[in-house]
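Have a look at entry-v4.txt below; it lists compact mmCIF, C-alpha atoms.
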# COMPACT_ATOMS: atom_id res chain seq x y z
CA MET A 6 -99.63 21.28 171.58
CA THR A 7 -101.44 18.46 173.31
CA GLU A 8 -100.09 14.96 173.40
CA PRO A 9 -102.67 12.26 172.78
CA ALA A 10 -103.09 9.55 175.36
CA SER A 11 -100.63 6.77 174.87
CA ASP A 12 -103.20 4.03 175.38
CA GLN A 13 -105.56 4.10 172.45
CA THR A 14 -108.98 2.86 173.41
CA ALA A 15 -112.02 2.17 171.30
CA SER A 16 -113.59 5.46 172.31
CA ALA A 17 -110.71 7.30 170.63
CA MET A 18 -111.83 5.96 167.27
CA GLU A 19 -115.40 7.07 167.73
CA PRO A 20 -116.39 10.59 166.69
CA VAL A 21 -116.80 13.14 169.44
CA LYS A 22 -119.44 15.77 168.76
CA PRO A 23 -119.00 18.81 171.00
CA SER A 24 -121.59 21.57 170.98
CA GLY A 25 -122.21 25.27 171.66
CA PRO A 26 -119.37 27.63 172.59
CA VAL A 27 -116.93 24.72 172.68
CA VAL A 28 -117.48 24.26 168.95
CA SER A 29 -116.97 27.94 168.11
CA SER A 30 -113.79 28.27 170.16
CA ALA A 31 -112.45 25.04 168.68
CA ARG A 32 -113.30 26.38 165.21
CA ALA A 33 -111.52 29.65 165.91
CA GLU A 34 -108.47 27.81 167.18
CA GLU A 35 -108.52 25.55 164.15
CA THR A 36 -108.82 28.53 161.79
CA GLN A 37 -105.79 30.05 163.48
CA LEU A 38 -103.84 26.80 163.09
CA ILE A 39 -104.80 26.57 159.43
CA GLY A 40 -103.71 30.17 158.85
CA ARG A 41 -100.33 29.48 160.44
CA ALA A 42 -99.92 26.24 158.50
CA GLN A 43 -100.73 28.08 155.26
CA LYS A 44 -97.78 30.35 156.01
CA GLY A 45 -95.54 27.30 156.31
CA ASP A 46 -95.68 26.72 160.08
CA LEU A 47 -95.11 22.98 160.41
CA VAL A 48 -95.73 23.04 164.17
CA ALA A 49 -99.27 24.27 163.53
CA TYR A 50 -99.76 21.63 160.87
CA ASP A 51 -98.46 18.97 163.24
CA GLU A 52 -101.23 19.97 165.66
CA LEU A 53 -103.84 19.66 162.90
CA VAL A 54 -102.50 16.20 162.04
CA ARG A 55 -102.79 15.16 165.68
CA ARG A 56 -106.41 16.24 165.74
CA TYR A 57 -107.55 14.22 162.76
CA GLN A 58 -105.03 11.41 162.33
CA GLU A 59 -107.06 8.81 164.21
CA ARG A 60 -110.24 9.36 162.25
CA ILE A 61 -108.45 9.51 158.91
CA TYR A 62 -106.33 6.46 159.69
CA ALA A 63 -109.36 4.48 160.90
CA THR A 64 -111.32 5.26 157.74
CA LEU A 65 -108.44 4.27 155.50
CA TYR A 66 -107.74 1.16 157.55
CA HIS A 67 -111.37 0.01 157.32
CA MET A 68 -111.31 0.72 153.59
CA THR A 69 -108.12 -1.25 152.96
CA SER A 70 -108.14 -3.84 155.81
CA ASN A 71 -104.39 -3.42 155.74
CA HIS A 72 -102.39 -1.48 158.33
CA GLU A 73 -99.36 -0.76 156.11
CA ASP A 74 -101.51 0.54 153.26
CA ALA A 75 -103.57 2.64 155.67
CA ASN A 76 -100.39 4.04 157.21
CA ASP A 77 -98.91 4.99 153.81
CA LEU A 78 -102.17 6.49 152.61
CA THR A 79 -102.67 8.48 155.81
CA GLN A 80 -99.20 9.98 155.52
CA GLU A 81 -99.65 10.74 151.82
CA ALA A 82 -103.07 12.27 152.41
CA PHE A 83 -101.72 14.63 155.08
CA ILE A 84 -98.70 15.53 152.92
CA LYS A 85 -100.94 16.25 149.95
CA ALA A 86 -103.27 18.27 152.16
CA TYR A 87 -100.33 20.39 153.37
CA GLN A 88 -99.14 20.97 149.81
CA ALA A 89 -102.66 21.97 148.75
CA LEU A 90 -103.36 24.01 151.89
CA GLN A 91 -103.14 27.31 149.98
CA SER A 92 -106.24 26.26 148.02
CA PHE A 93 -108.25 25.67 151.22
CA LYS A 94 -110.55 28.68 151.52
CA GLY A 95 -112.67 27.48 154.43
CA GLY A 96 -115.76 26.74 152.34
CA SER A 97 -116.10 23.42 154.17
CA SER A 98 -114.63 22.30 157.46
CA PHE A 99 -110.96 21.39 157.39
CA TYR A 100 -111.66 17.86 158.45
CA THR A 101 -114.19 17.30 155.63
CA TRP A 102 -111.61 18.69 153.22
CA VAL A 103 -108.84 16.40 154.48
CA TYR A 104 -111.27 13.46 154.49
CA ARG A 105 -112.05 14.12 150.84
CA ILE A 106 -108.36 14.12 149.93
CA ALA A 107 -107.76 10.92 151.89
CA VAL A 108 -110.82 9.16 150.50
CA ASN A 109 -110.03 10.07 146.87
CA LYS A 110 -106.47 8.89 147.32
CA THR A 111 -107.67 5.61 148.84
CA ILE A 112 -110.24 4.93 146.14
CA ASN A 113 -107.59 5.45 143.45
CA PHE A 114 -105.23 3.19 145.37
CA LEU A 115 -107.85 0.44 145.75
CA LYS A 116 -108.60 0.49 142.03
CA GLN A 117 -104.93 -0.21 141.34
CA ARG A 118 -104.53 -2.72 144.16
CA LYS A 119 -107.28 -5.15 143.12
CA ASN A 120 -104.94 -7.96 142.10
CA ARG A 121 -102.50 -7.82 144.97
CA TYR A 122 -104.78 -7.66 147.98
CA ALA A 123 -103.69 -9.12 151.31
CA MET A 124 -105.23 -8.41 154.70
CA SER A 125 -102.98 -7.09 157.42
CA LEU A 126 -105.32 -6.55 160.33
CA ASN A 127 -104.64 -4.70 163.53
CA ASP A 128 -105.09 -6.58 166.78
CA LEU A 129 -108.39 -6.32 168.58
CA ASP A 130 -108.33 -4.26 171.72
CA PHE A 131 -108.71 -6.26 174.95
CA ASP A 132 -111.85 -4.32 175.81
CA VAL A 133 -113.68 -6.01 172.96
CA GLU A 134 -114.75 -8.87 175.25
CA LYS A 135 -116.43 -6.40 177.57
CA ASP A 136 -118.64 -4.83 174.90
CA PRO A 137 -122.22 -5.87 175.70
CA ASP A 138 -123.27 -5.86 172.04
CA LEU A 139 -120.46 -8.18 171.06
CA VAL A 140 -120.92 -10.34 174.13
CA ALA A 141 -124.54 -10.77 173.12
CA LEU A 142 -123.45 -11.86 169.67
CA VAL A 143 -121.05 -14.59 170.74
CA SER A 144 -121.61 -15.60 174.34
CA ASP A 145 -124.27 -18.18 173.61
CA LYS A 146 -122.16 -19.88 170.96
CA THR A 147 -118.92 -20.72 172.67
CA PRO A 148 -117.09 -20.31 175.95
CA ARG A 149 -113.92 -19.26 174.00
CA ARG A 150 -115.10 -15.77 173.19
CA ASP A 151 -111.73 -14.47 172.01
CA ILE A 152 -111.42 -17.12 169.31
CA VAL A 153 -114.92 -16.49 168.02
CA LEU A 154 -114.35 -12.75 168.04
CA GLY A 155 -111.09 -13.24 166.16
CA GLU A 156 -112.89 -15.28 163.52
CA LEU A 157 -115.71 -12.75 163.30
CA HIS A 158 -113.13 -10.02 162.94
CA LYS A 159 -111.60 -11.73 159.94
CA LYS A 160 -114.93 -12.63 158.32
CA LEU A 161 -116.21 -9.09 158.77
CA ASN A 162 -113.17 -7.65 157.03
CA GLU A 163 -113.45 -10.17 154.21
CA ALA A 164 -117.10 -9.24 153.76
CA MET A 165 -116.21 -5.54 153.76
CA GLN A 166 -113.63 -6.12 151.05
CA LYS A 167 -116.29 -7.75 148.85
CA LEU A 168 -118.21 -4.46 148.72
CA SER A 169 -117.44 -1.90 146.05
CA GLU A 170 -115.26 1.03 147.18
CA GLN A 171 -118.21 3.43 147.28
CA HIS A 172 -120.39 1.08 149.34
CA ARG A 173 -117.54 0.22 151.69
CA LEU A 174 -116.86 3.89 152.19
CA VAL A 175 -120.47 4.65 153.11
CA VAL A 176 -120.60 1.81 155.65
CA THR A 177 -117.25 2.84 157.10
CA LEU A 178 -118.15 6.50 157.43
CA HIS A 179 -121.67 5.93 158.77
CA ASP A 180 -121.75 2.68 160.69
CA VAL A 181 -118.16 2.58 161.89
CA GLN A 182 -117.13 6.25 162.10
CA GLY A 183 -120.56 7.59 162.97
CA LEU A 184 -120.66 10.46 160.48
CA ALA A 185 -123.99 12.01 159.51
CA HIS A 186 -125.45 11.44 156.04
CA GLU A 187 -124.91 15.11 155.21
CA GLU A 188 -121.22 14.97 156.11
CA ILE A 189 -120.77 11.81 154.06
CA ALA A 190 -122.53 13.46 151.11
CA GLU A 191 -120.10 16.38 151.39
CA ILE A 192 -117.09 14.09 151.52
CA MET A 193 -118.28 11.89 148.66
CA GLN A 194 -119.58 14.90 146.70
CA CYS A 195 -122.98 13.38 146.07
CA ASN A 196 -126.46 14.02 147.44
CA VAL A 197 -127.87 12.65 150.70
CA GLY A 198 -130.33 10.38 148.87
CA THR A 199 -127.45 8.64 147.14
CA VAL A 200 -125.71 8.16 150.49
CA ARG A 201 -128.85 6.60 152.00
CA SER A 202 -129.45 4.26 149.08
CA ARG A 203 -125.78 3.19 148.99
CA LEU A 204 -125.88 2.55 152.73
CA PHE A 205 -128.99 0.42 152.47
CA TYR A 206 -127.56 -1.61 149.60
CA ALA A 207 -124.21 -2.06 151.34
CA ARG A 208 -125.86 -3.27 154.54
CA GLN A 209 -127.95 -5.74 152.59
CA GLN A 210 -124.84 -7.07 150.89
CA LEU A 211 -122.96 -7.37 154.17
CA GLN A 212 -125.89 -9.09 155.81
CA GLY A 213 -125.89 -11.63 153.01
CA TYR A 214 -122.14 -12.31 153.30
CA LEU A 215 -122.31 -12.64 157.09
CA ALA A 216 -125.63 -14.47 157.33
CA ASP A 217 -124.05 -17.43 159.17
CA TYR A 218 -122.77 -15.17 161.94
CA LEU A 219 -125.89 -13.09 162.33
CA LYS A 220 -128.45 -15.82 163.07
CA MET B 28 -135.19 2.56 149.10
CA SER B 29 -134.26 4.09 152.42
CA GLU B 30 -132.44 3.40 155.62
CA SER B 31 -135.70 3.41 157.54
CA GLN B 32 -136.97 0.47 155.55
CA GLY B 33 -135.81 -1.95 158.21
CA PRO B 34 -133.72 -0.59 161.06
CA GLU B 35 -134.22 -3.76 163.10
CA ASP B 36 -133.12 -5.84 160.14
CA PHE B 37 -129.67 -4.36 160.42
CA ALA B 38 -129.45 -4.25 164.21
CA LYS B 39 -127.33 -7.38 164.43
CA LEU B 40 -125.13 -6.26 161.60
CA GLN B 41 -124.53 -2.94 163.34
CA GLN B 42 -123.69 -4.83 166.53
CA LEU B 43 -121.15 -6.82 164.57
CA LEU B 44 -119.75 -3.69 162.94
CA LYS B 45 -118.94 -2.40 166.45
CA LEU B 46 -116.14 -4.93 166.33
CA LYS B 47 -114.36 -2.56 163.93
CA HIS B 48 -114.00 0.00 166.73
CA TYR B 49 -111.70 -2.36 168.56
CA GLU B 50 -109.20 -2.82 165.75
CA GLN B 51 -106.26 -0.75 166.93
CA PRO B 52 -102.72 -0.18 165.67
CA HIS B 53 -99.90 -0.55 168.19
CA PRO B 54 -100.19 1.82 171.18
CA ARG B 55 -97.50 4.34 170.16
CA TYR B 56 -98.63 4.52 166.56
CA PHE B 57 -100.56 7.80 166.83
CA ASN B 58 -97.73 9.41 168.82
CA GLU B 59 -95.26 8.65 166.06
CA LEU B 60 -97.38 9.36 162.97
CA PRO B 61 -97.37 13.21 163.11
CA GLY B 62 -93.58 13.20 163.53
CA GLN B 63 -93.20 10.96 160.47
CA ILE B 64 -95.45 13.22 158.41
CA THR B 65 -93.62 16.37 159.53
CA ALA B 66 -90.25 14.74 158.80
CA ARG B 67 -91.39 13.86 155.27
CA LEU B 68 -92.68 17.40 154.74
CA ARG B 69 -89.40 18.91 155.99
CA ALA B 70 -87.42 16.55 153.75
CA SER B 71 -89.48 17.43 150.68
CA GLU B 72 -89.17 21.15 151.48
CA THR B 73 -85.39 20.84 151.84
CA VAL B 74 -85.09 18.93 148.56
CA SER B 75 -87.28 21.36 146.65
CA GLY B 76 -85.46 24.30 148.26
CA GLN B 77 -82.07 22.93 147.23
CA ARG B 78 -83.32 22.21 143.73
CA LEU B 79 -84.67 25.73 143.42
CA LYS B 80 -81.41 27.21 144.71
CA ALA B 81 -79.36 25.17 142.24
CA GLU B 82 -81.62 26.27 139.39
CA VAL B 83 -81.37 29.89 140.44
CA MET B 84 -77.58 29.68 140.54
CA ARG B 85 -77.55 28.22 137.06
CA ALA B 86 -79.96 30.75 135.60
CA SER B 87 -78.85 33.99 133.97
CA TRP B 88 -79.56 37.34 135.62
CA LEU B 89 -82.50 37.89 133.29
CA GLN B 90 -84.04 34.54 134.23
CA ARG B 91 -83.44 35.30 137.91
CA LEU B 92 -85.12 38.67 137.50
CA TRP B 93 -88.00 37.00 135.71
CA ARG B 94 -88.39 34.47 138.55
CA VAL B 95 -88.42 37.25 141.11
CA ILE B 96 -91.05 39.13 139.14
CA GLU B 97 -93.34 36.28 138.14
CA GLY B 98 -93.77 35.10 141.70
CA ARG B 99 -95.04 38.53 142.81
CA PRO B 100 -98.02 39.89 140.88
CA ALA B 101 -97.73 43.34 142.49
CA LEU B 102 -94.07 43.66 141.58
CA SER B 103 -94.67 42.49 138.01
CA GLY B 104 -97.44 45.11 137.72
CA VAL B 105 -95.10 47.85 138.94
CA VAL B 106 -92.35 46.77 136.53
CA THR B 107 -94.79 46.68 133.59
CA ALA B 108 -96.20 50.09 134.50
CA GLY B 109 -92.66 51.47 134.79
CA ALA B 110 -91.70 50.10 131.38
CA CYS B 111 -94.84 51.55 129.80
CA GLY B 112 -94.19 54.89 131.52
CA LEU B 113 -90.63 55.03 130.18
CA LEU B 114 -91.88 54.22 126.70
CA LEU B 115 -94.51 56.97 126.85
CA LEU B 116 -91.98 59.45 128.25
CA GLY B 117 -89.56 58.62 125.42
CA GLY B 118 -92.30 59.10 122.85
CA PHE B 119 -93.28 62.41 124.42
CA PHE B 120 -89.73 63.79 124.28
CA MET B 121 -89.32 62.64 120.70
CA VAL B 122 -92.41 64.59 119.70
CA GLY B 123 -91.26 67.61 121.73
CA THR B 124 -87.90 67.80 119.94
CA GLU B 125 -89.38 67.44 116.42
CA PRO B 126 -87.95 70.43 114.30
CA GLN B 127 -90.27 73.02 112.86
CA PRO B 128 -90.08 73.35 109.06
CA ASP B 129 -87.97 76.35 107.98
CA LEU B 130 -89.92 78.12 105.30
CA THR B 131 -86.90 80.00 103.96
CA LEU B 132 -85.24 76.75 102.97
CA GLY B 133 -88.16 75.16 101.26
CA ALA B 134 -87.87 71.42 100.98
CA VAL B 135 -84.35 71.32 102.35
CA GLY B 136 -85.45 72.87 105.63
CA THR B 137 -87.48 69.80 106.50
CA THR B 138 -84.41 67.66 106.79
CA GLY B 139 -83.87 68.95 110.28
CA LEU B 140 -80.31 70.02 109.66
CA VAL B 141 -80.89 73.74 110.14
CA GLN B 142 -81.20 73.84 113.92
CA SER B 143 -77.67 74.99 114.38
CA PRO B 144 -77.38 78.71 113.72
CA ALA B 145 -73.86 78.17 112.41
CA ALA B 146 -75.04 75.64 109.86
CA ALA B 147 -77.95 77.70 108.67
CA PRO B 148 -76.14 80.24 106.46
CA MET B 149 -74.09 77.53 104.81
CA LEU B 150 -77.14 75.46 104.01
CA ALA B 151 -79.01 78.50 102.91
CA THR B 152 -76.24 79.25 100.43
CA SER B 153 -76.12 75.73 99.11
CA ALA B 154 -79.88 75.64 98.98
CA SER B 155 -79.85 78.56 96.63
CA ALA B 156 -77.71 76.50 94.28
CA VAL B 157 -80.22 73.70 94.25
CA THR B 158 -82.77 74.37 91.63
CA PRO B 159 -85.63 72.19 90.53
CA ILE B 160 -84.67 69.45 88.12
CA PHE B 161 -87.69 70.08 85.97
CA ALA B 162 -89.08 73.47 85.38
CA ALA B 163 -92.57 73.89 86.61
CA SER B 164 -94.93 74.00 83.71
CA SER B 165 -98.58 73.58 83.19
CA ASN B 166 -97.87 71.88 79.85
CA SER B 167 -96.96 68.27 80.49
CA SER B 168 -95.52 67.78 77.00
CA ALA B 169 -93.07 70.54 77.62
CA ILE B 170 -91.14 68.63 80.29
CA SER B 171 -87.54 69.11 79.59
CA PRO B 172 -84.39 69.47 81.61
CA ALA B 173 -84.24 72.97 82.90
CA THR B 174 -81.21 75.09 82.61
CA GLY B 175 -80.17 74.56 86.17
CA SER B 176 -80.74 70.83 86.15
CA LEU B 177 -78.69 68.06 87.66
CA PHE B 178 -76.76 67.92 84.39
CA SER B 179 -75.66 71.46 84.71
CA ILE B 180 -74.29 71.36 88.24
CA PRO B 181 -71.26 73.58 88.17
CA LEU B 182 -68.11 71.48 88.43
CA GLY B 183 -64.91 72.53 89.99
CA PRO B 184 -61.93 73.65 87.97
CA ASN B 185 -60.28 70.21 88.14
CA LEU B 186 -63.39 68.29 87.22
CA GLN B 187 -64.10 68.20 83.54
CA PRO B 188 -66.43 65.77 81.78
CA GLN B 189 -64.58 63.21 79.67
CA PRO B 190 -66.13 61.25 76.81
CA VAL B 191 -66.35 57.53 77.50
CA SER B 192 -66.14 54.83 74.92
CA PHE B 193 -67.63 51.39 75.56
CA ARG B 194 -66.09 49.75 72.49

Output the file's structure as structure tokens, nothing else.
Amino acid sequence: MTEPASDQTASAMEPVKPSGPVVSSARAEETQLIGRAQKGDLVAYDELVRRYQERIYATLYHMTSNHEDANDLTQEAFIKAYQALQSFKGGSSFYTWVYRIAVNKTINFLKQRKNRYAMSLNDLDFDVEKDPDLVALVSDKTPRRDIVLGELHKKLNEAMQKLSEQHRLVVTLHDVQGLAHEEIAEIMQCNVGTVRSRLFYARQQLQGYLADYLK
Amino acid sequence: MSESQGPEDFAKLQQLLKLKHYEQPHPRYFNELPGQITARLRASETVSGQRLKAEVMRASWLQRLWRVIEGRPALSGVVTAGACGLLLLGGFFMVGTEPQPDLTLGAVGTTGLVQSPAAAPMLATSASAVTPIFAASSNSSAISPATGSLFSIPLGPNLQPQPVSFR
């Protein structure tokens, strides 16, 4: 069992796409872990959780803009996935399957939460001020970059929360998590065309909400 | 409507969305999360295990047997096949022991009481005393109690018919 690095950097949240034999051996190892977990081996399931927790948590966090909610939903999603593991036949990848459980749970939660929404944002990593894209966005506006980034952070999350759950999910999975349209279609159980059109609409909406910060 | 309609239009937005990559929970969060999930799973397994045990203790032997069987399709199949087999075997033996009609006894022989050789002579004797109630006749109007009818069953020396008055 591998321990993840204690210092979580931005790269940890971004999807890693290995290729070739690495993929097949990782798949085989994952299949073995799933088989053991299906027989009730919690150590094997713990390893599966470690593999996908960051991506699942990040998606749920960006969907809710609330750390506590994202934490609860991540735990519940993994618990539900374990309880339903017998029904996993390997038709899709395990991570798509877990994503689907997590996303469905979150959408149901958000529908119920509408009237009691409060943001509880995670802190920005210190490396944010070194990102050239973000430096380009704020450096010409103010010498106090951290304050501007903090404000942008809040405004961006507010704008995200104004989107419908489906549109927010598409933006989160594609623009933040870096998933392919096909993977998103599989998770959302819709066709790729729907994903593309939802993404376009969601970006337009966001652009409108954040127009003042994108000039 | 497609994504390729204006990739440059969204370039700044995508730059801004990179900000989301830097939102991080506290450093130890991902070290602790799997342990919390596993602990919750263990707790729920313990609770459900205890509940199941308590239910099993409370249940009767038949219910316990049923629980054991219903959880195992192969075992339930074997039990069902066994029960059917026993039923068929029972039916087979019943048919095998069915008595053959004894022609010397006529209708009485079909009662199945003549299998014992000791009983046979006795029944044969009593059968000779049993005569048809109505004499066989081709003339339906001539139906009348025959001489050896039920009314003329020979009575013992101490049994004599007495006249009865209902007044």

Can you write out as CSV which residues of region 138-203 of chain A fall within 10 Å of region 92-99 of chain A, alongside each residue's closest atom pair and its distance in Å to one decimal, counting all atoms listed in the file and ordering rows by chain and ascending residue number?
residue,atom,partner,partner_atom,distance
A:Glu188,CA,A:Ser98,CA,9.9
A:Glu191,CA,A:Ser97,CA,8.6
A:Ile192,CA,A:Ser97,CA,9.7

Between chain B and chain A, at 10 Å or less, what are the per-residue closest atom pairs and their distances in Å? Count all atoms listed in the file, order by chain and rising residue number, and return it as a Markdown table.
| residue | atom | partner | partner_atom | distance |
| --- | --- | --- | --- | --- |
| B:Met28 | CA | A:Ser202 | CA | 6.0 |
| B:Ser29 | CA | A:Ser202 | CA | 5.9 |
| B:Glu30 | CA | A:Phe205 | CA | 5.5 |
| B:Ser31 | CA | A:Phe205 | CA | 8.9 |
| B:Gln32 | CA | A:Phe205 | CA | 8.6 |
| B:Gly33 | CA | A:Phe205 | CA | 9.2 |
| B:Pro34 | CA | A:Phe205 | CA | 9.9 |
| B:Asp36 | CA | A:Gln212 | CA | 9.0 |
| B:Phe37 | CA | A:Arg208 | CA | 7.1 |
| B:Ala38 | CA | A:Leu219 | CA | 9.7 |
| B:Lys39 | CA | A:Leu219 | CA | 6.3 |
| B:Leu40 | CA | A:Gln212 | CA | 6.5 |
| B:Gln41 | CA | A:Asp180 | CA | 6.8 |
| B:Gln42 | CA | A:Asp138 | CA | 5.6 |
| B:Leu43 | CA | A:Leu139 | CA | 6.7 |
| B:Leu44 | CA | A:Val181 | CA | 6.6 |
| B:Lys45 | CA | A:Val181 | CA | 6.8 |
| B:Leu46 | CA | A:His158 | CA | 6.8 |
| B:Lys47 | CA | A:Val181 | CA | 6.7 |
| B:His48 | CA | A:Ala15 | CA | 5.4 |
| B:Tyr49 | CA | A:Asp130 | CA | 5.0 |
| B:Glu50 | CA | A:Leu129 | CA | 4.6 |
| B:Gln51 | CA | A:Asn127 | CA | 5.5 |
| B:Pro52 | CA | A:Asn127 | CA | 5.4 |
| B:His53 | CA | A:Asn127 | CA | 7.8 |
| B:Pro54 | CA | A:Asp12 | CA | 5.6 |
| B:Arg55 | CA | A:Ser11 | CA | 6.2 |
| B:Tyr56 | CA | A:Ser11 | CA | 8.8 |
| B:Phe57 | CA | A:Glu59 | CA | 7.1 |
| B:Asn58 | CA | A:Pro9 | CA | 6.9 |
| B:Glu59 | CA | A:Arg55 | CA | 10.0 |
| B:Leu60 | CA | A:Gln80 | CA | 7.7 |
| B:Pro61 | CA | A:Asp51 | CA | 5.9 |
| B:Gly62 | CA | A:Asp51 | CA | 7.6 |
| B:Gln63 | CA | A:Gln80 | CA | 7.8 |
| B:Ile64 | CA | A:Gln80 | CA | 5.7 |
| B:Thr65 | CA | A:Asp51 | CA | 6.6 |
| B:Ala66 | CA | A:Leu47 | CA | 9.7 |
| B:Arg67 | CA | A:Ile84 | CA | 7.9 |
| B:Leu68 | CA | A:Ile84 | CA | 6.6 |
| B:Arg69 | CA | A:Leu47 | CA | 8.3 |
| B:Ser71 | CA | A:Ile84 | CA | 9.7 |

Report task. Can you work out the spacing between CA of Val122 (chain B) and CA of Val106 (chain B) in Å, to one decimal? Result -> 24.5 Å

Query raised in the report: When you draw a straight line from CA of Arg32 (chain A) to CA of Tyr100 (chain A), how long is it in Å?
Result: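 Here the two named atoms are 11.0 Å from each other.
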
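Interatomic distance, CA of Gln91 (chain A) to CA of Ser30 (chain A): 22.8 Å.
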
Find the smallest box with edges along x, y and z containing every listed atom of region 90-99 of chain A, then add 4 Å on each side and report centre and edge lengths in Å to one decimal, as AutoDock Vina command-line options.
--center_x -109.6 --center_y 25.0 --center_z 152.7 --size_x 21.0 --size_y 15.3 --size_z 17.4

Report task. Would you kindly return, as an NGL selection string, each protein, DNA or RNA residue with an atom no farther than 12 Å from any atom of Asn109 (chain A), considering all atoms listed in the file and excluding same-chain residues fewer than 5 positions away? Result -> :A and (64-65 or 68 or 78-79 or 81-82 or 85-86 or 102-104 or 114-116 or 170-171 or 174 or 192-194)

Report task. Please provide the set of residues having any atom within 8 Å of Ser125 (chain A), restricted to all atoms listed in the file, with same-chain residues fewer than 5 positions apart removed, written as a list in words. Result -> Ser70, Asn71, His72 and Glu73 of chain A

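Nearest to Tyr57 (chain A) of all the residues A:Ala107, A:Gln43, A:Glu187, A:Ala89 is A:Ala107, counting all atoms listed in the file.
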